[in-house]
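*Asks:* Below is model.cif; it holds mmCIF, C-alpha atoms.
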data_final
loop_
_atom_site.label_atom_id
_atom_site.label_comp_id
_atom_site.auth_asym_id
_atom_site.auth_seq_id
_atom_site.Cartn_x
_atom_site.Cartn_y
_atom_site.Cartn_z
CA MET A 1 -108.34 44.90 -107.66
CA SER A 2 -108.24 47.54 -110.27
CA ASP A 3 -107.24 50.57 -108.25
CA ILE A 4 -104.17 51.22 -110.32
CA GLY A 5 -103.35 51.77 -113.91
CA THR A 6 -101.08 48.79 -114.33
CA ASP A 7 -101.62 45.88 -116.65
CA GLU A 8 -104.80 44.15 -115.68
CA LEU A 9 -105.16 40.41 -115.38
CA PRO A 10 -106.85 38.69 -118.32
CA GLU A 11 -110.45 37.91 -117.60
CA ASP A 12 -110.00 34.16 -117.35
CA VAL A 13 -107.05 34.50 -114.99
CA ALA A 14 -108.99 36.96 -112.86
CA LYS A 15 -111.83 34.46 -112.72
CA LEU A 16 -109.46 31.71 -111.73
CA LEU A 17 -108.17 33.89 -108.92
CA GLY A 18 -111.71 34.63 -107.86
CA ALA A 19 -112.31 30.95 -107.36
CA ALA A 20 -109.28 30.74 -105.08
CA LYS A 21 -110.23 33.57 -102.75
CA GLU A 22 -112.02 31.40 -100.27
CA LEU A 23 -110.24 31.08 -96.95
CA ARG A 24 -109.53 27.56 -95.84
CA GLY A 25 -108.52 27.12 -92.22
CA PRO A 26 -107.47 24.03 -90.32
CA SER A 27 -109.80 21.34 -89.04
CA ASP A 28 -111.53 21.84 -85.71
CA ALA A 29 -109.14 19.38 -84.13
CA VAL A 30 -106.08 21.26 -85.36
CA ARG A 31 -107.63 24.56 -84.33
CA ALA A 32 -108.21 23.28 -80.79
CA SER A 33 -104.75 21.80 -80.69
CA MET A 34 -103.23 25.11 -81.78
CA LYS A 35 -105.16 26.92 -79.11
CA ALA A 36 -103.82 24.57 -76.48
CA ARG A 37 -100.28 25.02 -77.75
CA LEU A 38 -100.65 28.78 -77.62
CA VAL A 39 -101.90 28.61 -74.07
CA ALA A 40 -98.79 26.65 -73.17
CA ALA A 41 -96.48 29.02 -74.98
CA LEU A 42 -97.86 32.36 -73.85
CA PRO A 43 -96.63 34.01 -70.67
CA PRO A 44 -97.93 32.14 -67.61
CA PRO A 45 -99.70 33.77 -64.71
CA GLY A 46 -97.16 35.81 -62.82
CA GLY A 47 -94.73 35.78 -65.73
CA GLY A 48 -91.53 33.78 -65.78
CA GLY A 49 -91.88 32.02 -69.07
CA GLY A 50 -91.36 34.93 -71.34
CA GLY A 51 -92.92 33.02 -74.18
CA GLY A 52 -94.58 36.05 -75.59
CA GLY A 53 -91.44 37.66 -76.80
CA ASN A 54 -91.50 41.24 -75.62
CA ALA A 55 -95.01 40.95 -74.35
CA PRO A 56 -95.43 42.04 -70.78
CA THR A 57 -95.59 39.31 -68.25
CA GLY A 58 -98.43 39.12 -65.86
CA SER A 59 -101.59 37.38 -64.96
CA ALA A 60 -103.52 35.40 -67.47
CA GLY A 61 -106.31 35.01 -65.00
CA GLY A 62 -109.64 35.91 -66.43
CA SER A 63 -108.31 35.26 -69.89
CA THR A 64 -110.74 33.99 -72.41
CA PHE A 65 -108.26 31.22 -73.01
CA PRO A 66 -108.97 28.26 -70.70
CA ARG A 67 -107.24 28.13 -67.37
CA VAL A 68 -103.96 26.29 -67.46
CA PRO A 69 -103.79 22.87 -65.79
CA ALA A 70 -100.73 21.72 -63.89
CA TRP A 71 -99.06 19.92 -66.74
CA VAL A 72 -99.40 22.91 -68.99
CA ALA A 73 -97.95 25.12 -66.31
CA ALA A 74 -94.93 22.81 -66.23
CA ALA A 75 -94.66 22.77 -69.97
CA THR A 76 -95.13 26.50 -70.11
CA PHE A 77 -91.79 27.05 -68.50
CA ALA A 78 -90.01 25.15 -71.24
CA ALA A 79 -92.29 26.31 -73.99
CA GLY A 80 -92.13 29.89 -72.84
CA LEU A 81 -88.37 29.88 -72.84
CA ALA A 82 -88.29 28.17 -76.17
CA ALA A 83 -90.61 30.67 -77.74
CA GLY A 84 -88.82 33.53 -76.07
CA VAL A 85 -85.44 32.36 -77.30
CA LEU A 86 -86.66 31.74 -80.77
CA VAL A 87 -89.20 34.45 -81.33
CA ARG A 88 -87.55 37.47 -79.84
CA PRO A 89 -84.63 37.74 -82.27
CA ALA A 90 -86.99 37.64 -85.19
CA ILE A 91 -89.22 40.32 -83.77
CA VAL A 92 -86.63 42.68 -82.48
CA GLY A 93 -84.10 42.33 -85.20
CA GLY A 94 -86.37 41.40 -88.01
CA GLY A 95 -83.80 38.78 -88.77
CA GLY A 96 -86.26 36.00 -89.07
CA LEU A 97 -85.88 32.46 -88.02
CA ALA A 98 -82.19 31.95 -88.22
CA PRO A 99 -81.97 30.84 -84.59
CA ASN A 100 -84.88 28.50 -85.12
CA VAL A 101 -83.25 27.02 -88.13
CA GLU A 102 -80.13 26.21 -86.24
CA VAL A 103 -82.11 24.45 -83.58
CA ALA A 104 -84.21 22.64 -86.10
CA LYS A 105 -81.17 21.42 -87.97
CA THR A 106 -79.80 19.77 -84.91
CA THR A 107 -82.99 17.91 -84.23
CA ASP A 108 -82.54 14.64 -85.95
CA VAL A 109 -86.11 14.00 -86.82
CA ALA A 110 -85.21 11.99 -89.87
CA LYS A 111 -83.68 9.26 -87.73
CA THR A 112 -86.95 8.58 -86.09
CA ALA A 113 -89.02 8.65 -89.22
CA PRO A 114 -86.85 7.39 -92.04
CA SER A 115 -89.63 5.90 -94.04
CA VAL A 116 -91.23 9.17 -95.10
CA ALA A 117 -91.01 9.58 -98.82
CA THR A 118 -93.17 12.60 -99.37
CA GLY A 119 -90.42 15.14 -99.79
CA PRO A 120 -88.15 17.10 -97.55
CA VAL A 121 -88.18 16.48 -93.85
CA ALA A 122 -90.87 18.60 -92.28
CA ALA A 123 -89.75 21.83 -90.78
CA THR A 124 -89.75 21.44 -87.06
CA LEU A 125 -90.22 25.07 -86.29
CA VAL A 126 -90.39 26.01 -82.69
CA PRO A 127 -91.77 25.46 -80.19
CA SER A 128 -92.07 21.88 -81.26
CA ASP A 129 -88.30 21.79 -81.03
CA LEU A 130 -88.48 21.83 -77.32
CA PRO A 131 -86.21 18.89 -76.61
CA LEU A 132 -83.08 20.77 -77.50
CA VAL A 133 -84.26 24.03 -76.09
CA ALA A 134 -85.54 22.41 -72.96
CA SER A 135 -82.30 20.55 -72.47
CA ALA A 136 -80.53 23.89 -72.60
CA ILE A 137 -82.59 25.24 -69.75
CA PRO A 138 -80.42 25.31 -66.65
CA VAL A 139 -83.03 23.81 -64.39
CA ALA A 140 -83.48 20.97 -66.80
CA THR A 141 -79.89 19.84 -66.47
CA PRO A 142 -79.28 17.21 -63.80
CA GLY A 143 -76.60 18.33 -61.41
CA SER A 144 -76.93 21.92 -62.37
CA ALA A 145 -78.01 22.91 -58.87
CA THR A 146 -75.20 24.83 -57.30
CA SER A 147 -76.34 24.77 -53.69
CA PRO A 148 -75.24 21.62 -51.84
CA ALA A 149 -78.34 21.74 -49.70
CA SER A 150 -80.59 22.05 -52.63
CA ALA A 151 -82.40 18.76 -52.71
CA THR A 152 -85.43 20.62 -53.96
CA ALA A 153 -83.47 22.12 -56.78
CA ALA A 154 -82.16 18.69 -57.69
CA THR A 155 -85.68 17.36 -57.75
CA HIS A 156 -86.72 20.22 -59.98
CA ALA A 157 -83.78 19.54 -62.21
CA ASN A 158 -84.77 15.91 -62.54
CA ARG A 159 -88.32 16.90 -63.29
CA GLY A 160 -87.08 19.32 -65.90
CA SER A 161 -84.91 16.65 -67.40
CA ASP A 162 -87.81 14.21 -67.48
CA LEU A 163 -89.99 16.85 -69.06
CA ALA A 164 -87.42 17.57 -71.72
CA ALA A 165 -87.05 13.87 -72.44
CA GLU A 166 -90.78 13.41 -72.58
CA ARG A 167 -91.17 16.33 -74.90
CA ALA A 168 -88.44 15.00 -77.13
CA VAL A 169 -90.47 11.85 -77.71
CA LEU A 170 -93.66 13.77 -78.30
CA ASP A 171 -91.96 16.18 -80.67
CA MET A 172 -91.09 13.20 -82.81
CA ALA A 173 -94.72 12.18 -82.70
CA ARG A 174 -95.98 15.65 -83.58
CA THR A 175 -93.48 16.09 -86.37
CA ALA A 176 -94.43 12.75 -87.86
CA LEU A 177 -98.11 13.62 -87.54
CA ASN A 178 -97.64 16.95 -89.29
CA ARG A 179 -95.98 15.07 -92.12
CA GLY A 180 -98.91 12.72 -92.35
CA ASP A 181 -96.75 9.87 -91.13
CA HIS A 182 -99.37 8.39 -88.82
CA ALA A 183 -97.53 5.13 -88.21
CA ASN A 184 -94.44 6.85 -86.84
CA ALA A 185 -96.58 9.28 -84.88
CA LEU A 186 -98.30 6.36 -83.19
CA ALA A 187 -94.99 4.57 -82.66
CA ALA A 188 -93.63 7.62 -80.88
CA THR A 189 -96.73 7.97 -78.69
CA ALA A 190 -96.47 4.27 -77.84
CA GLU A 191 -92.86 4.79 -76.86
CA HIS A 192 -93.89 7.70 -74.67
CA GLU A 193 -96.63 5.64 -73.06
CA LYS A 194 -94.19 2.85 -72.32
CA LYS A 195 -91.54 5.12 -70.83
CA TYR A 196 -93.81 7.65 -69.15
CA PRO A 197 -97.20 6.06 -68.54
CA ARG A 198 -98.02 8.78 -66.00
CA GLY A 199 -95.79 11.45 -67.45
CA ALA A 200 -96.44 15.16 -67.25
CA LEU A 201 -97.25 15.18 -70.94
CA ALA A 202 -99.52 12.14 -70.95
CA GLU A 203 -102.50 14.24 -71.99
CA GLU A 204 -100.60 15.72 -74.90
CA ARG A 205 -99.57 12.20 -75.90
CA GLU A 206 -103.16 11.05 -75.97
CA ALA A 207 -104.19 14.07 -78.02
CA ILE A 208 -101.54 13.30 -80.61
CA ALA A 209 -102.41 9.61 -80.65
CA VAL A 210 -106.10 10.28 -81.22
CA ARG A 211 -105.30 12.62 -84.07
CA ALA A 212 -102.91 10.11 -85.60
CA LEU A 213 -105.48 7.34 -85.41
CA SER A 214 -108.21 9.51 -86.84
CA GLU A 215 -106.17 11.04 -89.64
CA GLY A 216 -104.76 7.61 -90.42
CA GLY A 217 -108.26 6.32 -91.06
CA ARG A 218 -108.61 4.30 -87.85
CA LYS A 219 -111.71 6.21 -86.84
CA GLY A 220 -113.08 3.57 -84.49
CA GLU A 221 -109.91 3.33 -82.48
CA ALA A 222 -109.63 7.12 -82.44
CA LYS A 223 -113.13 7.44 -81.07
CA ALA A 224 -112.58 4.77 -78.42
CA ARG A 225 -109.34 6.37 -77.30
CA ALA A 226 -110.99 9.78 -77.21
CA GLU A 227 -113.79 8.36 -75.06
CA ARG A 228 -111.23 6.93 -72.64
CA PHE A 229 -109.51 10.30 -72.54
CA LYS A 230 -112.79 12.00 -71.72
CA LYS A 231 -113.28 9.69 -68.74
CA SER A 232 -109.73 9.92 -67.46
CA HIS A 233 -109.19 13.64 -68.08
CA PRO A 234 -112.58 15.35 -67.93
CA GLU A 235 -111.03 18.70 -67.08
CA SER A 236 -108.23 18.63 -69.61
CA ILE A 237 -107.62 21.68 -71.71
CA LEU A 238 -107.01 19.31 -74.59
CA LEU A 239 -110.37 17.62 -74.25
CA PRO A 240 -112.10 19.65 -77.01
CA ALA A 241 -109.26 18.87 -79.39
CA VAL A 242 -109.27 15.19 -78.49
CA LEU A 243 -113.03 14.87 -78.83
CA ALA A 244 -113.02 16.69 -82.15
CA ALA A 245 -110.21 14.53 -83.46
CA GLY A 246 -111.91 11.38 -82.25
CA GLY A 247 -115.26 12.33 -83.70
CA VAL A 248 -116.94 12.20 -80.30
CA GLU A 249 -120.07 14.30 -79.99
CA MET B 1 -103.98 45.38 -60.57
CA ALA B 2 -104.10 47.76 -63.50
CA ARG B 3 -101.42 45.72 -65.17
CA GLU B 4 -103.34 42.51 -64.64
CA GLN B 5 -106.42 44.10 -66.14
CA ARG B 6 -104.37 45.26 -69.08
CA ASN B 7 -103.07 41.73 -69.65
CA ASP B 8 -106.54 40.26 -69.31
CA SER B 9 -107.67 42.70 -71.93
CA LYS B 10 -104.71 41.81 -74.10
CA ASP B 11 -105.44 38.09 -73.79
CA ALA B 12 -109.07 38.65 -74.66
CA GLU B 13 -108.17 40.71 -77.70
CA PHE B 14 -105.60 38.15 -78.78
CA THR B 15 -108.11 35.35 -78.44
CA ALA B 16 -110.60 37.26 -80.54
CA ILE B 17 -107.99 37.88 -83.21
CA PHE B 18 -106.96 34.23 -83.17
CA GLU B 19 -110.51 32.95 -83.45
CA ALA B 20 -111.51 35.37 -86.19
CA ASN B 21 -108.36 35.19 -88.27
CA LEU B 22 -106.87 31.73 -87.96
CA ALA B 23 -108.31 30.73 -91.33
CA TYR B 24 -106.94 33.91 -92.88
CA VAL B 25 -103.45 33.39 -91.48
CA TRP B 26 -103.57 29.72 -92.43
CA THR B 27 -104.61 30.50 -96.00
CA THR B 28 -102.11 33.33 -96.31
CA LEU B 29 -99.22 31.15 -95.21
CA ARG B 30 -100.32 28.55 -97.71
CA ARG B 31 -100.45 31.15 -100.47
CA LEU B 32 -97.01 32.39 -99.51
CA GLY B 33 -95.57 28.95 -100.00
CA VAL B 34 -95.65 27.22 -96.64
CA HIS B 35 -96.09 23.52 -97.13
CA GLU B 36 -99.35 21.99 -95.95
CA ARG B 37 -97.58 19.77 -93.46
CA ASP B 38 -95.79 22.76 -91.85
CA LEU B 39 -98.78 25.08 -91.64
CA GLU B 40 -99.64 24.27 -88.04
CA ASP B 41 -96.15 25.02 -86.78
CA VAL B 42 -95.69 28.18 -88.82
CA ALA B 43 -99.17 29.46 -87.97
CA HIS B 44 -98.45 28.78 -84.30
CA GLU B 45 -95.29 30.79 -84.51
CA THR B 46 -97.08 33.58 -86.35
CA PHE B 47 -99.61 33.96 -83.56
CA LEU B 48 -96.88 33.94 -80.93
CA LYS B 49 -95.40 36.94 -82.69
CA VAL B 50 -98.79 38.56 -83.03
CA TYR B 51 -99.22 38.27 -79.27
CA ALA B 52 -95.78 39.70 -78.64
CA GLU B 53 -96.47 42.70 -80.85
CA LEU B 54 -100.10 43.25 -79.96
CA ASP B 55 -99.32 46.27 -77.82
CA ARG B 56 -97.98 48.02 -80.90
CA TYR B 57 -100.95 47.31 -83.10
CA ASP B 58 -102.63 50.46 -84.37
CA ARG B 59 -106.32 49.70 -83.84
CA ALA B 60 -107.25 52.36 -86.36
CA ARG B 61 -105.91 50.16 -89.13
CA PRO B 62 -107.45 46.94 -90.46
CA VAL B 63 -106.18 43.80 -88.81
CA LYS B 64 -105.70 41.58 -91.85
CA PRO B 65 -102.85 43.52 -93.51
CA TRP B 66 -101.20 43.71 -90.10
CA LEU B 67 -101.47 39.95 -89.71
CA PHE B 68 -100.31 39.51 -93.27
CA ALA B 69 -97.05 41.24 -92.42
CA PHE B 70 -96.33 38.62 -89.74
CA ALA B 71 -97.26 35.79 -92.06
CA PHE B 72 -95.07 37.28 -94.78
CA ARG B 73 -92.04 37.45 -92.49
CA LEU B 74 -92.53 33.92 -91.25
CA ALA B 75 -93.11 32.60 -94.76
CA SER B 76 -90.01 34.41 -96.04
CA ASP B 77 -87.86 32.88 -93.37
CA TYR B 78 -89.44 29.50 -93.90
CA ARG B 79 -88.62 29.64 -97.59
CA LYS B 80 -85.01 30.48 -96.90
CA LEU B 81 -84.55 26.98 -95.61
CA SER B 82 -82.97 25.03 -98.42
CA ARG B 83 -85.05 21.99 -97.62
CA HIS B 84 -88.18 23.92 -98.46
CA LYS B 85 -86.96 25.29 -101.77
CA THR B 86 -87.35 21.93 -103.42
CA SER B 87 -91.05 21.92 -102.68
CA LEU B 88 -92.94 22.73 -105.84
CA LEU B 89 -96.28 21.93 -104.34
CA GLY B 90 -96.75 18.93 -106.55
CA ASP B 91 -96.81 16.72 -103.49
CA ASP B 92 -98.92 19.09 -101.53
CA GLU B 93 -102.35 19.06 -103.02
CA PRO B 94 -105.28 18.37 -100.74
CA SER B 95 -106.12 14.70 -100.88
CA HIS B 96 -109.57 14.70 -99.32
CA GLY B 97 -112.45 13.14 -101.12
CA HIS B 98 -110.59 10.89 -103.49
CA GLY B 99 -112.79 8.09 -104.69
CA ASP B 100 -115.95 10.04 -104.03
CA HIS B 101 -117.71 10.70 -107.35
CA THR B 102 -120.86 12.50 -106.24
CA ALA B 103 -121.70 15.80 -107.92
CA ASP B 104 -120.68 17.75 -104.85
CA ALA B 105 -117.44 15.86 -104.60
CA GLU B 106 -116.63 16.53 -108.23
CA LYS B 107 -117.43 20.19 -107.82
CA ALA B 108 -115.16 20.27 -104.79
CA ALA B 109 -112.47 18.47 -106.76
CA VAL B 110 -112.64 21.09 -109.51
CA ALA B 111 -112.37 23.84 -106.90
CA ARG B 112 -109.35 22.13 -105.38
CA GLU B 113 -107.79 21.75 -108.79
CA ARG B 114 -108.20 25.46 -109.47
CA GLU B 115 -106.81 26.34 -106.10
CA ALA B 116 -103.85 24.07 -106.72
CA LEU B 117 -103.25 25.75 -110.07
CA VAL B 118 -103.28 29.16 -108.40
CA HIS B 119 -100.81 27.96 -105.80
CA ARG B 120 -98.51 26.51 -108.43
CA ALA B 121 -98.64 29.73 -110.41
CA LEU B 122 -97.94 31.72 -107.26
CA GLU B 123 -94.91 29.55 -106.71
CA SER B 124 -93.38 31.06 -109.83
CA LEU B 125 -93.30 34.51 -108.19
CA ASP B 126 -90.54 35.56 -105.86
CA ILE B 127 -91.71 36.15 -102.32
CA ASP B 128 -91.75 39.95 -102.55
CA LYS B 129 -93.91 40.10 -105.66
CA ARG B 130 -95.97 37.25 -104.36
CA ALA B 131 -96.77 39.14 -101.17
CA VAL B 132 -98.00 42.20 -103.06
CA PHE B 133 -99.99 40.04 -105.46
CA VAL B 134 -101.65 37.97 -102.73
CA LEU B 135 -102.45 40.96 -100.58
CA THR B 136 -103.97 43.03 -103.38
CA GLU B 137 -105.41 40.47 -105.79
CA LEU B 138 -106.57 37.72 -103.45
CA ASP B 139 -107.19 39.67 -100.26
CA GLU B 140 -108.44 42.70 -102.21
CA CYS B 141 -106.47 45.00 -99.97
CA PRO B 142 -106.06 48.55 -101.33
CA MET B 143 -102.50 49.22 -102.41
CA PRO B 144 -101.87 51.99 -99.84
CA GLU B 145 -102.76 49.54 -97.04
CA ALA B 146 -100.72 46.80 -98.66
CA VAL B 147 -97.54 48.85 -98.95
CA ALA B 148 -97.99 50.14 -95.41
CA ALA B 149 -98.24 46.57 -94.13
CA LEU B 150 -95.22 45.44 -96.11
CA GLY B 151 -93.17 48.54 -95.34
CA ILE B 152 -92.40 49.36 -98.96
CA PRO B 153 -92.84 52.56 -101.03
CA LEU B 154 -96.03 52.96 -103.00
CA ASN B 155 -94.26 52.93 -106.35
CA THR B 156 -92.47 49.71 -105.42
CA GLY B 157 -95.80 48.16 -104.62
CA TYR B 158 -97.19 49.14 -108.00
CA SER B 159 -94.17 47.92 -109.94
CA ARG B 160 -94.18 44.61 -108.07
CA LEU B 161 -97.87 44.15 -108.74
CA ARG B 162 -97.43 44.88 -112.43
CA ALA B 163 -94.62 42.35 -112.73
CA ALA B 164 -96.47 39.83 -110.59
CA ARG B 165 -99.57 40.03 -112.77
CA GLN B 166 -97.54 39.33 -115.87
CA GLU B 167 -95.57 36.48 -114.32
CA PHE B 168 -98.63 34.93 -112.75
CA THR B 169 -100.53 35.02 -116.03
CA GLN B 170 -97.62 33.44 -117.86
CA ALA B 171 -97.38 30.74 -115.22
CA VAL B 172 -101.09 29.96 -115.46
CA ARG B 173 -100.80 29.66 -119.24
CA ARG B 174 -97.75 27.44 -118.98
CA LEU B 175 -99.22 25.19 -116.29
CA SER B 176 -102.55 24.91 -118.07
CA ALA B 177 -100.80 23.89 -121.28
CA ALA B 178 -98.79 21.29 -119.41
CA ARG B 179 -101.93 19.91 -117.80
CA PRO B 180 -104.64 20.14 -120.44
CA GLY B 181 -107.26 18.71 -118.10
CA THR B 182 -106.97 21.67 -115.82
CA ASN B 183 -110.04 23.82 -115.85
CA GLN B 184 -108.79 27.35 -115.71
CA GLY B 185 -112.11 29.07 -115.72
CA ASP B 186 -114.12 29.89 -118.78
CA ARG B 187 -111.17 30.03 -121.09
CA PRO B 188 -111.84 27.93 -124.20
#
Write out the structure in this file as structure tokens.

*Replies:*
Amino acid sequence: MSDIGTDELPEDVAKLLGAAKELRGPSDAVRASMKARLVAALPPPGGGGGGGGNAPTGSAGGSTFPRVPAWVAAATFAAGLAAGVLVRPAIVGGGGLAPNVEVAKTTDVAKTAPSVATGPVAATLVPSDLPLVASAIPVATPGSATSPASATAATHANRGSDLAAERAVLDMARTALNRGDHANALAATAEHEKKYPRGALAEEREAIAVRALSEGGRKGEAKARAERFKKSHPESILLPAVLAAGGVE
Amino acid sequence: MAREQRNDSKDAEFTAIFEANLAYVWTTLRRLGVHERDLEDVAHETFLKVYAELDRYDRARPVKPWLFAFAFRLASDYRKLSRHKTSLLGDDEPSHGHGDHTADAEKAAVAREREALVHRALESLDIDKRAVFVLTELDECPMPEAVAALGIPLNTGYSRLRAARQEFTQAVRRLSAARPGTNQGDRP
């Protein structure tokens, strides 16, 4: 740019900058994964999640984003609240991520991945901090139902609690994966599989595991696991991400 | 019904913005100092905010400076975390292609090295000057658009750019001297 009369950059420095102007986005797998996370975090059909900050709630039907499967709908409630809680203050007040930071600080990621030696603990910015946020959701607290006749509410509470617990495990996996700590990511997904073999977030677990295997250099295992995922979850919203991560055509 | 249609339209527009600009947001966050390992989370959060504010977007204005403003806010907040201040990017260089010595791989390695040098030099700028510098020098955004996106007076934009150019150049010189193997361009 030379639209002003200020000191110009030396020619060699300008040339260096020119070489760094290329945009470099994430891999296809990460792109697909991000898309799936956004679907989960944006306001669900009929509203209720509030994940879009001050965005109006309403139908997402007909959206060019894929339709939301059942597990995402369940996760959307937690994710929507998480995003709403954490995003809105920053937007409205311009105050930034202070609330996020407080949540992130209380998430003891380091305990689960102590072997990482590549620098500071990765920022676990929302909504991957769902365990704490989800556990703060009234419906997610066992015994929070106030009506004595509310067996349904109790069931929902238990489901919410399970979902929060599941997400806690997967957040560890995702955080480790984002740090490049594939071993701990896989350990966390294995823990999830053991505790919740048919959990609501089983698809998300598989997506993380395939990415961890692939990015950890275990391409064959990643591909095999992605193939299994394709057979077991042919309609999954995460399928494109899983196939891309697993190198499946 | 009208509301549903409006939201469908909003979702479609958001999807288009996401698809077309993910690489831009990703690169911008990186240039503003977000660590490679945190990019996915911070980019995710950026797009959540974009969605929330989409109704207020002035379609008459270019989308990239508008997106930059979100990325800038997120990156600023990210950098306020003390645990991120220690990151000097030395542990954050792309590691792809190591061990591959083909001509293309070496060319790519040189490109990565230059990019890493730019990022390290950017790291020497405070976030405010860095934002003006990135938006005008790397994104080639005209200054009036840049200051509008950042919400600062025109003169402030100019003075920050002037200072940023000087500091960036000094940083490049210093880093190049410290790492003689670094190819800075055509400089002898």

*Asks:* Enter the distance from atom CA of A:Arg211 to atom CA of A:Glu249, in Å, rounded to one decimal.

*Replies:*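 These two atoms are separated by 15.4 Å.
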
*Asks:* Here is a test: counting all atoms listed in the file, which residue of A:Val30, A:Leu163, A:Leu213, A:Ala173 is nearest to chain B?

*Replies:*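 Answer, going by the shortest atom-to-atom distance: A:Val30.
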
*Asks:* Would you kindly translate the PyMOL selection byres ((chain A and resi 243-248) around 10) into the concrete residues it picks from this file, as JSON, numbers by chain?

*Replies:* {"A": [27, 28, 29, 30, 31, 32, 33, 207, 208, 209, 210, 211, 212, 213, 214, 215, 218, 219, 220, 221, 222, 223, 224, 225, 226, 227, 229, 230, 238, 239, 240, 241, 242, 249]}

*Asks:* Rounded to one decimal in Å, what is the spacing between atom CA of A:Arg205 and atom CA of A:Ala183?

*Replies:* 14.3 Å

*Asks:* Please identify every residue of stretch 38-147 of chain B that has at least one atom no farther than 12 Å from an atom of stretch 159-170 of chain B, counting only C-alpha atoms, and for each give the shortest atom pair and the distance in Å to one decimal, arranged by chain then increasing number, as CSV.

*Replies:*
residue,atom,partner,partner_atom,distance
B:Leu117,CA,B:Phe168,CA,10.6
B:Val118,CA,B:Phe168,CA,8.6
B:His119,CA,B:Phe168,CA,10.1
B:Arg120,CA,B:Phe168,CA,9.5
B:Ala121,CA,B:Phe168,CA,5.7
B:Leu122,CA,B:Phe168,CA,6.4
B:Glu123,CA,B:Phe168,CA,8.9
B:Ser124,CA,B:Phe168,CA,7.1
B:Leu125,CA,B:Ala164,CA,6.6
B:Asp126,CA,B:Ala164,CA,8.7
B:Ile127,CA,B:Ala164,CA,10.2
B:Asp128,CA,B:Arg160,CA,7.6
B:Lys129,CA,B:Arg160,CA,5.1
B:Arg130,CA,B:Ala164,CA,6.8
B:Ala131,CA,B:Leu161,CA,9.1
B:Val132,CA,B:Leu161,CA,6.0
B:Phe133,CA,B:Leu161,CA,5.7
B:Val134,CA,B:Leu161,CA,9.4
B:Leu135,CA,B:Leu161,CA,9.9
B:Thr136,CA,B:Leu161,CA,8.2
B:Glu137,CA,B:Leu161,CA,8.9
B:Leu138,CA,B:Arg165,CA,11.9
B:Pro142,CA,B:Leu161,CA,11.9
B:Met143,CA,B:Leu161,CA,9.3
B:Ala146,CA,B:Leu161,CA,10.8
B:Val147,CA,B:Arg160,CA,10.6

*Asks:* Spell out the residues picked by the PyMOL selection byres ((chain A and resi 178) around 8) here, as an MDAnalysis selection string.

*Replies:* (chainID A and resid 122 174:177 179:181) or (chainID B and resid 37:38 40)

*Asks:* From the set A:Ala165, A:Ala187, A:Ala200, A:Leu42, which residue has the shortest atom-to-atom contact distance to chain B, counting all atoms listed in the file?

*Replies:*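 That would be A:Leu42, the residue with the smallest distance to chain B.
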
*Asks:* Using Å and a single decimal, report how far atom CA of B:Tyr158 sits from atom CA of B:Val63.

*Replies:*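 Distance between the two atoms: 21.9 Å.
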
*Asks:* Could you check which of A:Ala168, A:Ala19, A:Ala41, A:Val13 is closest to B:Ala111, using all atoms listed in the file?

*Replies:*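 Looking only at the distances to B:Ala111, the closest residue turns out to be A:Ala19.
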
*Asks:* Using only C-alpha atoms for the distances, tell me which of B:Ile17, B:Leu32, B:Ala52, B:Val25 is nearest to chain A.

*Replies:*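 Answer, going by the shortest atom-to-atom distance: B:Ala52.
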
*Asks:* If the PyMOL selection byres ((chain B and resi 74) around 8) is run on the structure shown, which residues does it catch, given as a PyMOL selection string?

*Replies:* (chain A and resi 96-97) or (chain B and resi 42+45-46+70-73+75-78)

*Asks:* Around all the atoms of stretch 136-155 of chain B listed in the file, with 4 Å of room on each side, what axis-aligned box do you get, giving centre and edge lengths in Å to one decimal, as JSON?

*Replies:*
{"center_x": -100.4, "center_y": 45.3, "center_z": -100.2, "size_x": 24.0, "size_y": 23.2, "size_z": 20.2}

*Asks:* A:Met172, A:Met34, A:Leu201, A:Val39: which is nearest chain B, counting only C-alpha atoms?

*Replies:*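 Smallest separation from chain B among the options: A:Met34.
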
*Asks:* Considering all atoms listed in the file, state which residue in the set A:Lys35, A:Lys195, A:His233, A:Arg228 is at the smallest distance from chain B.

*Replies:*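 Of all the options, A:Lys35 lies closest to chain B.
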